[in-house]
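Undergrad: Coordinates in model08.pdb, PDB, C-alpha atoms, are listed below.
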```pdb
ATOM      1  CA  LEU A   1      10.790  17.808   6.424
ATOM      2  CA  ALA A   2      13.634  15.353   6.049
ATOM      3  CA  ASP A   3      16.491  17.676   6.930
ATOM      4  CA  GLY A   4      14.648  19.350   9.786
ATOM      5  CA  LEU A   5      13.221  16.385  11.639
ATOM      6  CA  ASP A   6      16.227  16.057  13.903
ATOM      7  CA  ALA A   7      16.338  19.766  14.779
ATOM      8  CA  PRO A   8      15.262  20.700  18.309
ATOM      9  CA  GLU A   9      12.596  23.179  19.300
ATOM     10  CA  ALA A  10      14.221  26.623  19.624
ATOM     11  CA  ALA A  11      12.642  27.241  23.027
ATOM     12  CA  SER A  12      14.349  24.165  24.481
ATOM     13  CA  ALA A  13      17.679  24.729  22.700
ATOM     14  CA  PRO A  14      18.237  28.494  22.468
ATOM     15  CA  GLY A  15      21.796  28.260  21.147
ATOM     16  CA  ALA A  16      21.155  25.545  18.568
ATOM     17  CA  PRO A  17      22.343  26.417  15.063
ATOM     18  CA  ARG A  18      19.247  24.720  13.588
ATOM     19  CA  ALA A  19      15.906  24.711  15.376
ATOM     20  CA  TRP A  20      12.142  24.898  14.940
ATOM     21  CA  ILE A  21      10.552  28.151  16.117
ATOM     22  CA  ALA A  22       6.946  28.312  17.243
ATOM     23  CA  LEU A  23       4.683  30.231  14.875
ATOM     24  CA  PRO A  24       1.007  31.011  15.251
ATOM     25  CA  SER A  25      -1.349  28.757  13.331
ATOM     26  CA  GLY A  26      -3.755  30.016  10.735
ATOM     27  CA  ALA A  27      -1.565  30.693   7.696
ATOM     28  CA  GLU A  28      -1.853  27.135   6.396
ATOM     29  CA  GLN A  29      -3.340  26.439   2.982
ATOM     30  CA  GLY A  30      -5.609  23.469   2.501
ATOM     31  CA  LEU A  31      -4.201  20.340   0.891
ATOM     32  CA  PRO A  32      -5.898  18.943  -2.226
ATOM     33  CA  ALA A  33      -9.191  17.099  -1.704
ATOM     34  CA  GLY A  34      -8.802  13.532  -0.517
ATOM     35  CA  VAL A  35      -5.352  14.061   1.000
ATOM     36  CA  THR A  36      -4.834  13.516   4.742
ATOM     37  CA  ALA A  37      -2.467  15.942   6.467
ATOM     38  CA  LEU A  38       0.374  14.189   8.285
ATOM     39  CA  GLY A  39      -0.411  16.294  11.347
ATOM     40  CA  ARG A  40      -3.556  14.198  11.810
ATOM     41  CA  LEU A  41      -1.650  10.935  11.575
ATOM     42  CA  VAL A  42       1.495  11.342  13.660
ATOM     43  CA  GLU A  43       2.329  12.504  17.140
ATOM     44  CA  ALA A  44       4.854  15.309  16.981
ATOM     45  CA  PRO A  45       5.865  18.401  18.913
ATOM     46  CA  GLU A  46       3.400  21.239  18.463
ATOM     47  CA  VAL A  47       6.097  23.365  16.845
ATOM     48  CA  LEU A  48       5.948  21.022  13.809
ATOM     49  CA  GLY A  49       2.216  21.634  13.361
ATOM     50  CA  ARG A  50       2.518  23.998  10.412
ATOM     51  CA  ALA A  51       4.928  21.775   8.538
ATOM     52  CA  LEU A  52       2.847  18.651   9.128
ATOM     53  CA  SER A  53      -0.352  20.420   8.077
ATOM     54  CA  GLN A  54       1.198  21.071   4.657
ATOM     55  CA  ALA A  55       2.464  17.529   4.091
ATOM     56  CA  GLY A  56      -0.172  15.088   2.939
ATOM     57  CA  LEU A  57      -0.415  11.317   2.721
ATOM     58  CA  VAL A  58      -1.715   9.778  -0.500
ATOM     59  CA  ASP A  59      -2.593   6.136  -1.082
ATOM     60  CA  SER A  60      -0.535   5.516  -4.196
ATOM     61  CA  GLU A  61       2.102   6.887  -6.519
ATOM     62  CA  ALA A  62      -0.588   7.391  -9.144
ATOM     63  CA  ALA A  63      -2.596   9.567  -6.740
ATOM     64  CA  GLY A  64       0.479  11.581  -5.807
ATOM     65  CA  ALA A  65       1.462  12.183  -9.418
ATOM     66  CA  ALA A  66      -2.085  13.232 -10.289
ATOM     67  CA  LEU A  67      -2.350  15.711  -7.405
ATOM     68  CA  VAL A  68       0.998  17.491  -7.846
ATOM     69  CA  PRO A  69      -0.483  20.281 -10.005
ATOM     70  CA  ALA A  70      -2.915  21.128  -7.183
ATOM     71  CA  LEU A  71      -0.172  21.687  -4.596
ATOM     72  CA  ARG A  72       0.420  25.212  -3.332
ATOM     73  CA  PRO A  73       3.789  26.692  -2.335
ATOM     74  CA  GLY A  74       5.251  24.850   0.643
ATOM     75  CA  GLN A  75       3.121  21.730   0.274
ATOM     76  CA  CYS A  76       4.172  18.163  -0.432
ATOM     77  CA  LEU A  77       2.672  14.706  -0.766
ATOM     78  CA  VAL A  78       4.073  11.389   0.410
ATOM     79  CA  THR A  79       3.152   7.726   0.238
ATOM     80  CA  ARG A  80       3.670   5.203   3.024
ATOM     81  CA  ASP A  81       6.546   3.639   1.095
ATOM     82  CA  GLY A  82       8.440   6.922   0.829
ATOM     83  CA  ALA A  83       7.559   8.507  -2.516
ATOM     84  CA  LEU A  84       7.504  12.303  -2.344
ATOM     85  CA  TRP A  85       6.133  15.092  -4.534
ATOM     86  CA  ARG A  86       6.808  18.722  -3.698
ATOM     87  CA  TRP A  87       4.878  21.789  -4.851
ATOM     88  CA  ASP A  88       7.830  23.048  -6.891
ATOM     89  CA  GLY A  89       8.043  19.903  -9.029
ATOM     90  CA  TYR A  90      10.704  18.031  -7.062
ATOM     91  CA  ARG A  91       9.979  14.294  -6.831
ATOM     92  CA  VAL A  92      11.621  11.367  -5.045
ATOM     93  CA  ALA A  93      10.746   7.777  -5.948
ATOM     94  CA  ALA A  94       9.740   5.363  -3.205
ATOM     95  CA  GLY A  95      12.522   3.514  -1.449
ATOM     96  CA  GLN A  96      15.256   6.076  -2.040
ATOM     97  CA  PRO A  97      17.578   6.659   0.913
ATOM     98  CA  ASN A  98      17.979  10.189   2.166
ATOM     99  CA  ALA A  99      20.577  11.652   4.471
ATOM    100  CA  ALA A 100      18.105  12.682   7.163
ATOM    101  CA  ALA A 101      16.574   9.213   7.411
ATOM    102  CA  GLN A 102      20.026   7.679   7.576
ATOM    103  CA  ARG A 103      21.019  10.090  10.379
ATOM    104  CA  LEU A 104      17.863   9.247  12.332
ATOM    105  CA  ALA A 105      18.559   5.514  11.922
ATOM    106  CA  GLN A 106      22.165   6.005  13.021
ATOM    107  CA  ARG A 107      21.054   7.955  16.095
ATOM    108  CA  ARG A 108      18.603   5.196  16.985
ATOM    109  CA  THR A 109      21.386   2.620  16.611
ATOM    110  CA  LEU A 110      23.672   4.720  18.820
ATOM    111  CA  ARG A 111      20.976   5.089  21.501
ATOM    112  CA  GLU A 112      20.344   1.342  21.459
ATOM    113  CA  GLY A 113      24.079   0.635  21.639
ATOM    114  CA  GLN A 114      24.521   3.064  24.527
ATOM    115  CA  ALA A 115      21.621   1.464  26.395
ATOM    116  CA  ARG A 116      23.184  -1.974  25.903
ATOM    117  CA  LEU A 117      26.593  -0.673  27.029
ATOM    118  CA  ASP A 118      25.026   0.868  30.142
ATOM    119  CA  ALA A 119      23.310  -2.426  30.977
ATOM    120  CA  LEU A 120      26.530  -4.411  30.517
ATOM    121  CA  THR A 121      28.468  -1.909  32.627
ATOM    122  CA  GLU A 122      25.982  -2.449  35.444
ATOM    123  CA  GLU A 123      26.355  -6.238  35.121
ATOM    124  CA  LEU A 124      30.172  -6.164  35.032
ATOM    125  CA  PRO A 125      30.892  -6.095  38.794
ATOM    126  CA  ALA A 126      28.673  -9.135  39.383
ATOM    127  CA  ALA A 127      30.266 -10.992  36.470
ATOM    128  CA  GLU A 128      33.764 -10.196  37.760
ATOM    129  CA  ARG A 129      32.831 -11.487  41.240
ATOM    130  CA  ALA A 130      31.382 -14.664  39.730
ATOM    131  CA  ALA A 131      34.550 -15.226  37.699
ATOM    132  CA  SER A 132      36.804 -14.867  40.756
TER     133      SER A 132
END
```
Take the structure I supplied and represent it as structure tokens, if you would.

TA:
Amino acid sequence: LADGLDAPEAASAPGAPRAWIALPSGAEQGLPAGVTALGRLVEAPEVLGRALSQAGLVDSEAAGAALVPALRPGQCLVTRDGALWRWDGYRVAAGQPNAAAQRLAQRRTLREGQARLDALTEELPAAERAAS
């Protein structure tokens, strides 16, 4: 999901070059036994339901490594500290930075900076009067 998390829902951004489209539910395959689907753990737009139903949380790296052979096409496993195993054999160790996470962090920083700038802009006239 990393590269798609910042994409908008197609219905709300019809001209967006990247977007999530709504699909009917029902085509999902079950995750391996003992794995909790991320869709049950996080609040997310409904359009992400399919993707989140195929991503599962495991308790440890050992559990993730053991369950990889049971994954079906399109499924992945993650740990809370960021380890990832994908159905096709791709693996990412915990703690590794990824471009999507960095973009999300940068956007959060920009939003926080803009909010601070807006607040300071509102305070400026009063500060100028006090300095006069």

Undergrad: Please compute the CA of Gln114 in chain A-CA of Asp6 in chain A distance, one decimal, in Å.

TA: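 Distance reported for this atom pair: 18.7 Å.
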
Undergrad: For Ala62 in chain A, find every residue with an atom within 12 Å (counting all atoms listed in the file), except residues of its own chain fewer than 3 positions away, and show them as a list in words.

TA: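 Listed by chain and then number, they are Val58, Asp59, Ala65, Ala66, Leu67, Val68, Leu77, Val78, Thr79, Ala83, Leu84, Trp85 and Ala93 of chain A.
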
Undergrad: How many Å lie between CA of Val92 in chain A and CA of Gln75 in chain A, rounded to one decimal?

TA: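 Atom-to-atom, CA of Val92 in chain A and CA of Gln75 in chain A are spaced 14.4 Å apart.
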
Undergrad: Find, counting only C-alpha atoms, the residue in A:Ala94, A:Pro125, A:Arg80, A:Ser60 that gets nearest to Leu41 in chain A.

TA: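 Checking each of A:Ala94, A:Pro125, A:Arg80, A:Ser60 against Leu41 in chain A, counting only C-alpha atoms, the winner is A:Arg80.
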
Undergrad: Find, counting all atoms listed in the file, the residue in A:Leu110, A:Ala126, A:Leu57, A:Leu23 that gets nearest to Ala37 in chain A.

TA: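 Once distances to Ala37 in chain A are computed over all atoms listed in the file, the minimum belongs to A:Leu57.
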
Undergrad: Find the residues around range 46-55 of chain A up to 8 Å (all atoms listed in the file counted), leave out those fewer than 6 positions away in its own chain, and share them as a PDB file with C-alpha atoms, in the coordinates of the input.

TA:
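Saved the output as part-v1.pdb:
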```
ATOM      1  CA  LEU A   1      10.790  17.808   6.424  1.00  0.00           C
ATOM      2  CA  GLU A   9      12.596  23.179  19.300  1.00  0.00           C
ATOM      3  CA  TRP A  20      12.142  24.898  14.940  1.00  0.00           C
ATOM      4  CA  ILE A  21      10.552  28.151  16.117  1.00  0.00           C
ATOM      5  CA  ALA A  22       6.946  28.312  17.243  1.00  0.00           C
ATOM      6  CA  LEU A  23       4.683  30.231  14.875  1.00  0.00           C
ATOM      7  CA  SER A  25      -1.349  28.757  13.331  1.00  0.00           C
ATOM      8  CA  GLU A  28      -1.853  27.135   6.396  1.00  0.00           C
ATOM      9  CA  GLN A  29      -3.340  26.439   2.982  1.00  0.00           C
ATOM     10  CA  GLY A  30      -5.609  23.469   2.501  1.00  0.00           C
ATOM     11  CA  LEU A  31      -4.201  20.340   0.891  1.00  0.00           C
ATOM     12  CA  ALA A  37      -2.467  15.942   6.467  1.00  0.00           C
ATOM     13  CA  LEU A  38       0.374  14.189   8.285  1.00  0.00           C
ATOM     14  CA  GLY A  39      -0.411  16.294  11.347  1.00  0.00           C
ATOM     15  CA  ARG A  40      -3.556  14.198  11.810  1.00  0.00           C
ATOM     16  CA  GLY A  74       5.251  24.850   0.643  1.00  0.00           C
ATOM     17  CA  GLN A  75       3.121  21.730   0.274  1.00  0.00           C
ATOM     18  CA  CYS A  76       4.172  18.163  -0.432  1.00  0.00           C
ATOM     19  CA  LEU A  77       2.672  14.706  -0.766  1.00  0.00           C
ATOM     20  CA  VAL A  78       4.073  11.389   0.410  1.00  0.00           C
TER      21      VAL A  78
END
```

Undergrad: Near Ala19 in chain A, counting only C-alpha atoms, which residues have an atom at most 7 Å away, once you skip same-chain residues fewer than 3 positions from it, shown as a ChimeraX atom specification?

TA: /A:7-10,16
